[in-house]
>>> print(open('input.cif').read())   # mmCIF, C-alpha atoms and all ligand atoms
data_input
#
loop_
_atom_site.label_atom_id
_atom_site.label_comp_id
_atom_site.auth_asym_id
_atom_site.auth_seq_id
_atom_site.Cartn_x
_atom_site.Cartn_y
_atom_site.Cartn_z
CA MET A 18 11.49 20.18 -14.10
CA SER A 19 8.46 20.09 -16.43
CA THR A 20 4.91 20.20 -15.03
CA ALA A 21 3.21 18.97 -18.21
CA LYS A 22 0.99 16.01 -17.35
CA LYS A 23 1.50 13.02 -19.61
CA GLU A 24 -1.43 10.63 -20.16
CA TYR A 25 -0.48 7.04 -19.37
CA LYS A 26 -2.58 4.21 -20.83
CA ARG A 27 -0.96 1.78 -18.40
CA ILE A 28 1.18 2.59 -15.44
CA THR A 29 4.50 0.77 -15.39
CA THR A 30 7.55 1.02 -13.15
CA LYS A 31 9.12 3.06 -15.95
CA SER A 32 6.23 5.55 -16.03
CA LEU A 33 6.50 6.03 -12.26
CA VAL A 34 10.19 6.97 -12.49
CA GLU A 35 9.29 9.28 -15.41
CA MET A 36 6.54 10.89 -13.31
CA LYS A 37 9.08 11.76 -10.64
CA LYS A 38 11.38 13.22 -13.28
CA ASN A 39 8.50 15.34 -14.63
CA GLY A 40 7.42 16.50 -11.18
CA GLU A 41 4.07 14.70 -11.38
CA LYS A 42 2.93 13.37 -8.01
CA ILE A 43 2.03 9.69 -7.75
CA ALA A 44 -1.27 8.65 -6.14
CA MET A 45 -1.38 5.24 -4.48
CA LEU A 46 -4.13 3.55 -2.43
CA THR A 47 -4.50 0.11 -0.98
CA ALA A 48 -7.22 -2.28 -2.15
CA TYR A 49 -7.74 -5.94 -1.42
CA ASP A 50 -10.79 -7.02 -3.43
CA TYR A 51 -12.25 -6.93 -6.94
CA THR A 52 -15.10 -4.44 -6.47
CA MET A 53 -13.06 -1.82 -4.61
CA ALA A 54 -10.10 -2.18 -7.00
CA LYS A 55 -12.37 -1.59 -9.99
CA ILE A 56 -13.68 1.69 -8.53
CA VAL A 57 -10.19 2.86 -7.55
CA ASP A 58 -8.70 2.00 -10.96
CA HIS A 59 -11.56 3.74 -12.82
CA ALA A 60 -10.96 6.84 -10.68
CA GLY A 61 -7.45 7.02 -12.17
CA ILE A 62 -5.18 5.86 -9.35
CA ASP A 63 -1.55 5.22 -10.37
CA ILE A 64 -0.75 2.32 -8.02
CA ILE A 65 -2.94 -0.10 -6.07
CA LEU A 66 -1.03 -1.55 -3.17
CA VAL A 67 -2.32 -4.93 -2.04
CA GLY A 68 -0.89 -4.20 1.37
CA ASP A 69 -0.38 -6.61 4.21
CA SER A 70 -2.60 -4.10 6.06
CA ALA A 71 -5.25 -6.56 4.78
CA SER A 72 -4.27 -8.44 7.93
CA ASN A 73 -5.75 -5.53 9.96
CA VAL A 74 -8.60 -4.13 7.89
CA MET A 75 -9.82 -7.27 6.14
CA ALA A 76 -9.03 -9.99 8.68
CA GLY A 77 -9.20 -8.05 11.97
CA HIS A 78 -5.73 -8.95 13.27
CA GLU A 79 -3.97 -6.52 15.59
CA THR A 80 -0.79 -6.54 13.46
CA THR A 81 0.27 -7.32 9.90
CA LEU A 82 2.27 -10.36 11.02
CA PRO A 83 -0.32 -13.16 10.75
CA ILE A 84 -1.30 -12.76 7.08
CA THR A 85 0.05 -15.58 4.89
CA LEU A 86 1.49 -15.69 1.39
CA ASP A 87 -1.56 -17.67 0.19
CA GLN A 88 -3.90 -15.01 1.60
CA MET A 89 -1.89 -12.21 -0.05
CA ILE A 90 -2.09 -14.07 -3.37
CA TYR A 91 -5.88 -14.43 -2.97
CA HIS A 92 -6.29 -10.67 -2.38
CA ALA A 93 -3.84 -9.76 -5.17
CA SER A 94 -5.50 -11.96 -7.79
CA SER A 95 -8.91 -10.43 -6.96
CA VAL A 96 -7.43 -6.95 -7.51
CA VAL A 97 -5.61 -7.91 -10.72
CA ARG A 98 -8.88 -9.18 -12.27
CA ALA A 99 -10.42 -5.72 -11.75
CA ILE A 100 -7.82 -3.33 -13.10
CA GLU A 101 -7.19 -1.88 -16.56
CA ARG A 102 -4.68 0.92 -16.02
CA CYS A 103 -2.91 1.05 -12.67
CA LEU A 104 0.16 -0.83 -11.48
CA VAL A 105 -0.58 -3.55 -8.90
CA LEU A 106 2.03 -3.77 -6.16
CA VAL A 107 1.88 -6.56 -3.55
CA ASP A 108 3.44 -6.77 -0.10
CA LEU A 109 5.56 -9.82 0.63
CA PRO A 110 4.14 -10.86 4.01
CA PHE A 111 6.09 -11.34 7.22
CA GLY A 112 8.11 -14.56 7.20
CA SER A 113 8.16 -14.93 3.41
CA TYR A 114 11.49 -13.17 2.72
CA GLN A 115 13.45 -12.22 5.84
CA GLY A 116 16.78 -13.98 6.38
CA ASN A 117 16.55 -16.26 3.36
CA SER A 118 17.00 -14.86 -0.15
CA ARG A 119 16.03 -18.15 -1.84
CA LYS A 120 12.73 -18.14 0.07
CA ALA A 121 12.28 -14.45 -0.82
CA LEU A 122 12.67 -15.22 -4.51
CA ASP A 123 10.25 -18.18 -4.30
CA SER A 124 7.67 -15.99 -2.50
CA ALA A 125 7.97 -13.17 -5.04
CA ILE A 126 7.70 -15.63 -7.95
CA ARG A 127 4.54 -17.17 -6.42
CA ILE A 128 2.96 -13.71 -6.12
CA MET A 129 3.77 -12.77 -9.71
CA LYS A 130 2.82 -16.15 -11.20
CA GLU A 131 -0.33 -16.88 -9.21
CA SER A 132 -1.84 -13.38 -8.95
CA GLY A 133 -0.65 -11.64 -12.12
CA ALA A 134 0.54 -8.61 -10.12
CA HIS A 135 3.25 -6.30 -11.47
CA ALA A 136 5.67 -5.75 -8.58
CA VAL A 137 6.38 -6.59 -4.94
CA LYS A 138 7.19 -4.53 -1.85
CA LEU A 139 9.49 -5.56 1.01
CA GLU A 140 10.11 -3.86 4.34
CA GLY A 141 13.67 -3.05 5.37
CA GLY A 142 17.06 -1.77 4.24
CA GLU A 143 20.53 -3.31 4.25
CA GLU A 144 19.40 -6.29 6.37
CA ILE A 145 17.29 -7.57 3.44
CA ALA A 146 19.58 -6.39 0.61
CA GLU A 147 20.41 -9.96 -0.43
CA SER A 148 16.71 -10.87 -0.73
CA ILE A 149 15.98 -7.73 -2.77
CA SER A 150 18.93 -8.39 -5.12
CA ARG A 151 17.92 -11.98 -5.68
CA ILE A 152 14.32 -11.04 -6.50
CA LEU A 153 15.52 -8.31 -8.87
CA THR A 154 17.78 -10.70 -10.75
CA SER A 155 14.67 -12.68 -11.75
CA GLY A 156 13.16 -9.59 -13.39
CA ILE A 157 10.58 -8.87 -10.69
CA PRO A 158 10.33 -5.14 -9.87
CA VAL A 159 10.79 -4.31 -6.18
CA MET A 160 9.64 -1.33 -4.12
CA GLY A 161 11.35 -0.74 -0.77
CA HIS A 162 9.70 0.36 2.49
CA LEU A 163 11.59 2.27 5.20
CA GLY A 164 10.76 4.25 8.34
CA LEU A 165 7.93 2.67 10.30
CA THR A 166 7.91 -0.89 8.98
CA PRO A 167 4.90 -2.54 10.67
CA GLN A 168 6.26 -6.09 10.29
CA SER A 169 8.90 -5.04 12.87
CA ILE A 170 6.36 -3.68 15.36
CA TYR A 171 7.54 -5.99 18.14
CA LYS A 172 11.09 -4.68 17.69
CA PHE A 173 9.91 -1.03 17.74
CA GLY A 174 7.31 -1.58 20.48
CA THR A 175 5.23 1.35 19.23
CA TYR A 176 3.68 2.77 16.03
CA THR A 177 5.15 6.22 16.69
CA VAL A 178 7.20 8.35 14.24
CA ARG A 179 10.58 6.79 13.29
CA ALA A 180 14.00 8.32 12.57
CA LYS A 181 13.60 11.38 14.81
CA LYS A 182 17.07 10.72 16.21
CA GLU A 183 20.18 11.42 14.15
CA ASP A 184 21.57 7.86 14.09
CA GLU A 185 18.31 6.33 12.81
CA ALA A 186 17.87 9.17 10.27
CA LYS A 187 21.43 8.58 9.02
CA GLN A 188 20.80 4.85 8.58
CA LEU A 189 17.51 5.56 6.77
CA LYS A 190 19.26 7.89 4.29
CA LYS A 191 21.93 5.24 3.72
CA ASP A 192 19.27 2.53 3.21
CA ALA A 193 17.35 4.68 0.71
CA LYS A 194 20.49 5.12 -1.39
CA LEU A 195 21.24 1.41 -1.14
CA LEU A 196 17.71 0.48 -2.32
CA GLU A 197 18.15 2.75 -5.33
CA LYS A 198 21.57 1.25 -6.06
CA LEU A 199 20.24 -2.30 -5.82
CA GLY A 200 17.66 -1.44 -8.49
CA CYS A 201 14.38 -0.82 -6.64
CA PHE A 202 11.95 1.24 -8.73
CA GLY A 203 10.56 3.13 -5.75
CA LEU A 204 10.36 3.44 -2.02
CA VAL A 205 7.63 3.87 0.61
CA LEU A 206 8.55 6.06 3.56
CA GLU A 207 6.19 5.60 6.48
CA LYS A 208 5.84 7.91 9.49
CA VAL A 209 9.11 9.85 9.41
CA PRO A 210 9.67 13.61 9.88
CA ALA A 211 8.67 15.60 6.77
CA LYS A 212 12.08 17.31 6.56
CA LEU A 213 13.92 13.99 6.47
CA ALA A 214 11.49 12.52 3.91
CA LYS A 215 12.00 15.52 1.61
CA GLU A 216 15.77 15.19 1.95
CA VAL A 217 15.58 11.49 1.04
CA ALA A 218 13.28 12.15 -1.95
CA GLU A 219 15.70 14.80 -3.24
CA SER A 220 18.72 12.56 -2.81
CA ILE A 221 17.54 9.70 -5.06
CA ASN A 222 16.10 9.38 -8.59
CA ILE A 223 13.45 6.76 -7.81
CA PRO A 224 10.01 7.90 -6.55
CA VAL A 225 9.43 8.13 -2.81
CA ILE A 226 5.82 7.51 -1.77
CA GLY A 227 4.97 8.83 1.68
CA ILE A 228 2.47 7.94 4.37
CA GLY A 229 2.81 10.27 7.31
CA ALA A 230 5.97 11.63 5.67
CA GLY A 231 4.83 15.12 4.61
CA ASN A 232 4.49 16.76 1.23
CA GLY A 233 8.11 16.90 0.09
CA VAL A 234 8.00 13.40 -1.39
CA ASP A 235 6.94 12.20 -4.86
CA GLY A 236 3.58 10.68 -4.01
CA GLN A 237 1.23 9.59 -1.25
CA VAL A 238 -0.39 6.36 -0.12
CA LEU A 239 -3.27 5.76 2.29
CA VAL A 240 -5.08 2.65 3.45
CA ILE A 241 -8.43 2.75 1.67
CA HIS A 242 -10.56 1.90 4.72
CA ASP A 243 -8.95 4.82 6.58
CA MET A 244 -9.40 7.45 3.86
CA LEU A 245 -13.03 6.37 3.36
CA GLY A 246 -13.70 6.80 7.08
CA MET A 247 -14.63 3.17 7.69
CA THR A 248 -12.07 2.76 10.51
CA HIS A 249 -13.48 5.62 12.54
CA GLU A 250 -11.57 4.76 15.73
CA PHE A 251 -8.18 5.15 13.93
CA ASN A 252 -7.12 8.81 14.06
CA PRO A 253 -3.45 9.41 13.20
CA ARG A 254 -2.47 13.00 12.42
CA PHE A 255 -1.44 12.17 8.84
CA LEU A 256 -4.83 10.77 7.85
CA ARG A 257 -7.19 12.82 5.69
CA ARG A 258 -10.68 11.33 5.51
CA TYR A 259 -12.51 11.86 2.22
CA LEU A 260 -15.77 10.27 3.40
CA ASP A 261 -17.39 9.27 6.65
CA LEU A 262 -18.42 5.84 5.41
CA TYR A 263 -18.75 4.42 8.91
CA THR A 264 -21.62 6.82 9.62
CA GLU A 265 -23.10 6.50 6.12
CA MET A 266 -23.06 2.70 6.21
CA ASN A 267 -24.30 2.54 9.77
CA GLY A 268 -27.28 4.71 8.74
CA ALA A 269 -27.99 2.55 5.71
CA PHE A 270 -27.88 -0.68 7.74
CA LYS A 271 -30.17 0.82 10.39
CA SER A 272 -32.69 1.89 7.73
CA TYR A 273 -32.60 -1.59 6.17
CA ILE A 274 -33.18 -3.26 9.55
CA THR A 275 -36.10 -0.89 10.28
CA ASP A 276 -37.64 -1.52 6.83
CA VAL A 277 -37.35 -5.31 7.14
CA LYS A 278 -38.73 -5.40 10.66
CA SER A 279 -41.64 -3.07 9.83
CA GLY A 280 -42.50 -5.04 6.69
CA ASP A 281 -41.88 -1.98 4.49
CA PHE A 282 -39.23 -3.86 2.46
CA PRO A 283 -39.85 -5.30 -0.07
CA ASN A 284 -42.79 -3.33 -1.47
CA GLU A 285 -44.96 -4.37 -4.41
CA LYS A 286 -42.49 -3.04 -6.99
CA GLU A 287 -39.64 -4.94 -5.38
CA GLN A 288 -41.15 -8.39 -5.87
CA TYR A 289 -42.05 -10.73 -8.75
O1 LIG A 301 0.29 -2.59 4.06
C1 LIG A 301 0.11 -1.39 3.79
O2 LIG A 301 -1.03 -0.92 3.65
C2 LIG A 301 1.28 -0.54 3.63
C3 LIG A 301 1.06 0.93 3.54
C4 LIG A 301 0.70 1.48 4.86
C5 LIG A 301 2.20 1.63 2.93
O3 LIG A 301 2.37 -1.02 3.58
#
>>> encode(input="input.cif", output="structure tokens", more="lines below")
Ligand code: KIV
Amino acid sequence: MSTAKKEYKRITTKSLVEMKKNGEKIAMLTAYDYTMAKIVDHAGIDIILVGDSASNVMAGHETTLPITLDQMIYHASSVVRAIERCLVLVDLPFGSYQGNSRKALDSAIRIMKESGAHAVKLEGGEEIAESISRILTSGIPVMGHLGLTPQSIYKFGTYTVRAKKEDEAKQLKKDAKLLEKLGCFGLVLEKVPAKLAKEVAESINIPVIGIGAGNGVDGQVLVIHDMLGMTHEFNPRFLRRYLDLYTEMNGAFKSYITDVKSGDFPNEKEQY
């Protein structure tokens, strides 16, 4: 395994597989709007995920289930307009692909055509294999998502770590191999034991991107509002906060309110 870092002008599904081969870790973050995507892309991120977590952090829903295909396309097209280098991956929302491969293909085509994104992500293993295959036959790259799949939260009943028991771990390993065989270019593993995630990453040739899956995988993803410290009441063990934006922004808003109310803003230089 070589550790030499290759410069990529544009990240493609091919470069991501190559990065795994070369032992270069893949950095992925979510973004849902133009301004944030521009900053993230300029910082050198490899993948922006327009996640259905937009349902939580942008729209304030308790789960990812309510977000619609039209809303995902709106977020994705805002992100696509901002980026120059990274790959833009978009979640197919709940209800747009499960149990109907024709519908899955139509949903994926709408995302690609109307937003200009580069790939789609679907949650699940063998139960959605037909949908994944059908999307892939149209030339749309697909990333899988196993482990904690938030669109199934009402089946799980809890957001706790998945695949701790042998039978679920066995099924997850089988699903990961199936996703590779079907032709997925990568896989997200969410909230599974680090040992299992490492084993999965070592058993397949496509990159495995982890969230709460330890350091033995090929890359990491975080929700941008969480890593910036905007969602200060959300404290899972896997989360590393790189800023405390909640406190910073709260302070800025308080100063603005004080300045407006006291008549200090605007001053003479801040007017025409
Ligand atoms: O929607 C999302 O943000 C995701 C990540 C948590 C992987 O799917």
>>> residues_around(input="input.cif", residues="A:Arg179", least_positions_apart="4", cutoff="10 Å", atoms="only C-alpha atoms", output="PDB file with C-alpha atoms, in the coordinates of the input")
ATOM      1  CA  LEU A 163      11.590   2.270   5.200  1.00  0.00           C
ATOM      2  CA  GLY A 164      10.760   4.250   8.340  1.00  0.00           C
ATOM      3  CA  LEU A 165       7.930   2.670  10.300  1.00  0.00           C
ATOM      4  CA  THR A 166       7.910  -0.890   8.980  1.00  0.00           C
ATOM      5  CA  PHE A 173       9.910  -1.030  17.740  1.00  0.00           C
ATOM      6  CA  THR A 175       5.230   1.350  19.230  1.00  0.00           C
ATOM      7  CA  GLU A 185      18.310   6.330  12.810  1.00  0.00           C
ATOM      8  CA  ALA A 186      17.870   9.170  10.270  1.00  0.00           C
ATOM      9  CA  LEU A 189      17.510   5.560   6.770  1.00  0.00           C
ATOM     10  CA  LEU A 206       8.550   6.060   3.560  1.00  0.00           C
ATOM     11  CA  GLU A 207       6.190   5.600   6.480  1.00  0.00           C
ATOM     12  CA  LYS A 208       5.840   7.910   9.490  1.00  0.00           C
ATOM     13  CA  VAL A 209       9.110   9.850   9.410  1.00  0.00           C
ATOM     14  CA  PRO A 210       9.670  13.610   9.880  1.00  0.00           C
TER      15      PRO A 210
END
>>> atom_distance(input="input.cif", atom1="atom CA of A:His242", atom2="atom CA of A:Phe282")
29.3 Å
>>> residues_near_ligand(input="input.cif", ligand="ligand LIG 301 (chain A)", cutoff="6 Å", atoms="all atoms listed in the file", output="list in words")
Thr47, Gly68, Asp69, Ser70 and Val240 of chain A
>>> atom_distance(input="input.cif", atom1="atom CA of A:Val97", atom2="atom CA of A:Ile65")
9.5 Å
>>> residues_near_point(input="input.cif", point="(17.3, 0.7, 1.9)", cutoff="10 Å", atoms="only C-alpha atoms", output="PDB file with C-alpha atoms, in the coordinates of the input")
ATOM      1  CA  GLU A 140      10.110  -3.860   4.340  1.00  0.00           C
ATOM      2  CA  GLY A 141      13.670  -3.050   5.370  1.00  0.00           C
ATOM      3  CA  GLY A 142      17.060  -1.770   4.240  1.00  0.00           C
ATOM      4  CA  GLU A 143      20.530  -3.310   4.250  1.00  0.00           C
ATOM      5  CA  GLU A 144      19.400  -6.290   6.370  1.00  0.00           C
ATOM      6  CA  ILE A 145      17.290  -7.570   3.440  1.00  0.00           C
ATOM      7  CA  ALA A 146      19.580  -6.390   0.610  1.00  0.00           C
ATOM      8  CA  ILE A 149      15.980  -7.730  -2.770  1.00  0.00           C
ATOM      9  CA  MET A 160       9.640  -1.330  -4.120  1.00  0.00           C
ATOM     10  CA  GLY A 161      11.350  -0.740  -0.770  1.00  0.00           C
ATOM     11  CA  HIS A 162       9.700   0.360   2.490  1.00  0.00           C
ATOM     12  CA  LEU A 163      11.590   2.270   5.200  1.00  0.00           C
ATOM     13  CA  GLY A 164      10.760   4.250   8.340  1.00  0.00           C
ATOM     14  CA  GLN A 188      20.800   4.850   8.580  1.00  0.00           C
ATOM     15  CA  LEU A 189      17.510   5.560   6.770  1.00  0.00           C
ATOM     16  CA  LYS A 190      19.260   7.890   4.290  1.00  0.00           C
ATOM     17  CA  LYS A 191      21.930   5.240   3.720  1.00  0.00           C
ATOM     18  CA  ASP A 192      19.270   2.530   3.210  1.00  0.00           C
ATOM     19  CA  ALA A 193      17.350   4.680   0.710  1.00  0.00           C
ATOM     20  CA  LYS A 194      20.490   5.120  -1.390  1.00  0.00           C
ATOM     21  CA  LEU A 195      21.240   1.410  -1.140  1.00  0.00           C
ATOM     22  CA  LEU A 196      17.710   0.480  -2.320  1.00  0.00           C
ATOM     23  CA  GLU A 197      18.150   2.750  -5.330  1.00  0.00           C
ATOM     24  CA  LYS A 198      21.570   1.250  -6.060  1.00  0.00           C
ATOM     25  CA  LEU A 199      20.240  -2.300  -5.820  1.00  0.00           C
ATOM     26  CA  CYS A 201      14.380  -0.820  -6.640  1.00  0.00           C
ATOM     27  CA  LEU A 204      10.360   3.440  -2.020  1.00  0.00           C
TER      28      LEU A 204
END
>>> closest_atom_pairs(input="input.cif", of="stretch 102-179 of chain A", to="stretch 82-91 of chain A", cutoff="9 Å", atoms="all atoms listed in the file", output="Markdown table")
| residue | atom | partner | partner_atom | distance |
| --- | --- | --- | --- | --- |
| A:Val107 | CA | A:Met89 | CA | 7.6 |
| A:Asp108 | CA | A:Met89 | CA | 7.6 |
| A:Leu109 | CA | A:Leu86 | CA | 7.2 |
| A:Pro110 | CA | A:Leu86 | CA | 6.1 |
| A:Phe111 | CA | A:Leu82 | CA | 5.5 |
| A:Gly112 | CA | A:Leu82 | CA | 8.1 |
| A:Ser113 | CA | A:Leu86 | CA | 7.0 |
| A:Ser124 | CA | A:Leu86 | CA | 7.3 |
| A:Arg127 | CA | A:Ile90 | CA | 7.9 |
| A:Ile128 | CA | A:Ile90 | CA | 5.8 |
| A:Met129 | CA | A:Ile90 | CA | 8.7 |
| A:Glu131 | CA | A:Ile90 | CA | 6.7 |
| A:Ser132 | CA | A:Ile90 | CA | 5.6 |
| A:Pro167 | CA | A:Leu82 | CA | 8.3 |
| A:Gln168 | CA | A:Leu82 | CA | 5.9 |
| A:Ser169 | CA | A:Leu82 | CA | 8.7 |
| A:Ile170 | CA | A:Leu82 | CA | 9.0 |
>>> axis_aligned_box(input="input.cif", around="stretch 86-105 of chain A", padding_each_side="5 Å", output="lines of an AutoDock Vina configuration file")
center_x = -4.5
center_y = -8.3
center_z = -7.5
size_x = 21.9
size_y = 28.7
size_z = 28.2
>>> closest_residue(input="input.cif", among="A:Lys212, A:Lys31, A:His249, A:Lys278", to="A:Ala136", atoms="only C-alpha atoms")
A:Lys31
>>> residues_near_point(input="input.cif", point="(-17.5, 5.8, 4.8)", cutoff="8 Å", atoms="all atoms listed in the file", output="PDB file with C-alpha atoms, in the coordinates of the input")
ATOM      1  CA  HIS A 242     -10.560   1.900   4.720  1.00  0.00           C
ATOM      2  CA  LEU A 245     -13.030   6.370   3.360  1.00  0.00           C
ATOM      3  CA  GLY A 246     -13.700   6.800   7.080  1.00  0.00           C
ATOM      4  CA  MET A 247     -14.630   3.170   7.690  1.00  0.00           C
ATOM      5  CA  LEU A 260     -15.770  10.270   3.400  1.00  0.00           C
ATOM      6  CA  ASP A 261     -17.390   9.270   6.650  1.00  0.00           C
ATOM      7  CA  LEU A 262     -18.420   5.840   5.410  1.00  0.00           C
ATOM      8  CA  TYR A 263     -18.750   4.420   8.910  1.00  0.00           C
ATOM      9  CA  THR A 264     -21.620   6.820   9.620  1.00  0.00           C
ATOM     10  CA  GLU A 265     -23.100   6.500   6.120  1.00  0.00           C
ATOM     11  CA  MET A 266     -23.060   2.700   6.210  1.00  0.00           C
TER      12      MET A 266
END
>>> residues_around(input="input.cif", residues="A:Ala54", least_positions_apart="2", cutoff="9 Å", atoms="all atoms listed in the file", output="tab-separated table (two decimals) with C-alpha atoms, keeping the file's coordinate frame")
chain	number	residue	atom	x	y	z
A	47	THR	CA	-4.50	0.11	-0.98
A	48	ALA	CA	-7.22	-2.28	-2.15
A	49	TYR	CA	-7.74	-5.94	-1.42
A	50	ASP	CA	-10.79	-7.02	-3.43
A	51	TYR	CA	-12.25	-6.93	-6.94
A	52	THR	CA	-15.10	-4.44	-6.47
A	56	ILE	CA	-13.68	1.69	-8.53
A	57	VAL	CA	-10.19	2.86	-7.55
A	58	ASP	CA	-8.70	2.00	-10.96
A	59	HIS	CA	-11.56	3.74	-12.82
A	65	ILE	CA	-2.94	-0.10	-6.07
A	95	SER	CA	-8.91	-10.43	-6.96
A	96	VAL	CA	-7.43	-6.95	-7.51
A	97	VAL	CA	-5.61	-7.91	-10.72
A	98	ARG	CA	-8.88	-9.18	-12.27
A	99	ALA	CA	-10.42	-5.72	-11.75
A	100	ILE	CA	-7.82	-3.33	-13.10
>>> closest_residue(input="input.cif", among="A:Leu122, A:Ile152, A:Ile28, A:Ile228", to="A:His135", atoms="only C-alpha atoms")
A:Ile28
>>> closest_residue(input="input.cif", among="A:Ile226, A:Leu239, A:Glu24, A:Ala180", to="A:Leu213", atoms="all atoms listed in the file")
A:Ala180
>>> decode(input="input.cif", residues="stretch 167-184 of chain A", atoms="N, CA, C and O atoms", output="short mmCIF file (atom, residue, chain, number, x, y, z; two decimals), in the first residue's frame")
data_model
loop_
_atom_site.label_atom_id
_atom_site.label_comp_id
_atom_site.auth_asym_id
_atom_site.auth_seq_id
_atom_site.Cartn_x
_atom_site.Cartn_y
_atom_site.Cartn_z
N PRO A 167 -31.02 5.59 9.56
CA PRO A 167 -32.05 6.38 10.27
C PRO A 167 -33.44 6.35 9.64
O PRO A 167 -34.43 6.62 10.33
N GLN A 168 -33.54 6.01 8.34
CA GLN A 168 -34.88 5.93 7.75
C GLN A 168 -35.68 4.75 8.34
O GLN A 168 -36.89 4.67 8.17
N SER A 169 -34.96 3.82 9.01
CA SER A 169 -35.64 2.67 9.63
C SER A 169 -35.77 2.84 11.14
O SER A 169 -35.90 1.85 11.87
N ILE A 170 -35.72 4.07 11.62
CA ILE A 170 -35.70 4.31 13.07
C ILE A 170 -36.91 3.70 13.78
O ILE A 170 -36.80 3.20 14.91
N TYR A 171 -38.06 3.69 13.12
CA TYR A 171 -39.24 3.14 13.80
C TYR A 171 -39.21 1.61 13.86
O TYR A 171 -39.89 1.01 14.66
N LYS A 172 -38.38 1.00 13.00
CA LYS A 172 -38.17 -0.45 13.10
C LYS A 172 -37.19 -0.73 14.24
O LYS A 172 -37.41 -1.60 15.07
N PHE A 173 -36.10 0.07 14.31
CA PHE A 173 -35.08 -0.13 15.35
C PHE A 173 -35.60 0.31 16.73
O PHE A 173 -35.26 -0.28 17.74
N GLY A 174 -36.32 1.41 16.76
CA GLY A 174 -36.85 1.94 18.02
C GLY A 174 -35.86 2.78 18.81
O GLY A 174 -36.21 3.37 19.83
N THR A 175 -34.60 2.82 18.37
CA THR A 175 -33.58 3.54 19.10
C THR A 175 -32.41 3.87 18.16
O THR A 175 -32.20 3.16 17.18
N TYR A 176 -31.67 4.95 18.50
CA TYR A 176 -30.50 5.34 17.68
C TYR A 176 -29.20 4.71 18.20
O TYR A 176 -28.12 5.19 17.91
N THR A 177 -29.32 3.66 18.96
CA THR A 177 -28.12 3.06 19.56
C THR A 177 -27.30 2.25 18.54
O THR A 177 -27.75 2.03 17.41
N VAL A 178 -26.10 1.85 18.96
CA VAL A 178 -25.16 1.11 18.10
C VAL A 178 -25.81 -0.16 17.54
O VAL A 178 -26.46 -0.90 18.27
N ARG A 179 -25.61 -0.41 16.23
CA ARG A 179 -26.18 -1.59 15.57
C ARG A 179 -25.13 -2.70 15.47
O ARG A 179 -23.93 -2.46 15.64
N ALA A 180 -25.60 -3.89 15.14
CA ALA A 180 -24.77 -5.06 14.81
C ALA A 180 -23.81 -5.45 15.93
O ALA A 180 -22.69 -5.87 15.69
N LYS A 181 -24.26 -5.31 17.17
CA LYS A 181 -23.44 -5.78 18.30
C LYS A 181 -23.61 -7.30 18.45
O LYS A 181 -22.74 -7.98 18.95
N LYS A 182 -24.75 -7.78 18.02
CA LYS A 182 -25.02 -9.23 18.12
C LYS A 182 -24.55 -9.92 16.84
O LYS A 182 -24.58 -9.34 15.75
N GLU A 183 -24.15 -11.18 17.00
CA GLU A 183 -23.53 -11.95 15.93
C GLU A 183 -24.41 -12.05 14.66
O GLU A 183 -23.92 -11.88 13.54
N ASP A 184 -25.72 -12.29 14.85
CA ASP A 184 -26.57 -12.49 13.66
C ASP A 184 -26.67 -11.22 12.82
O ASP A 184 -26.60 -11.25 11.59
#
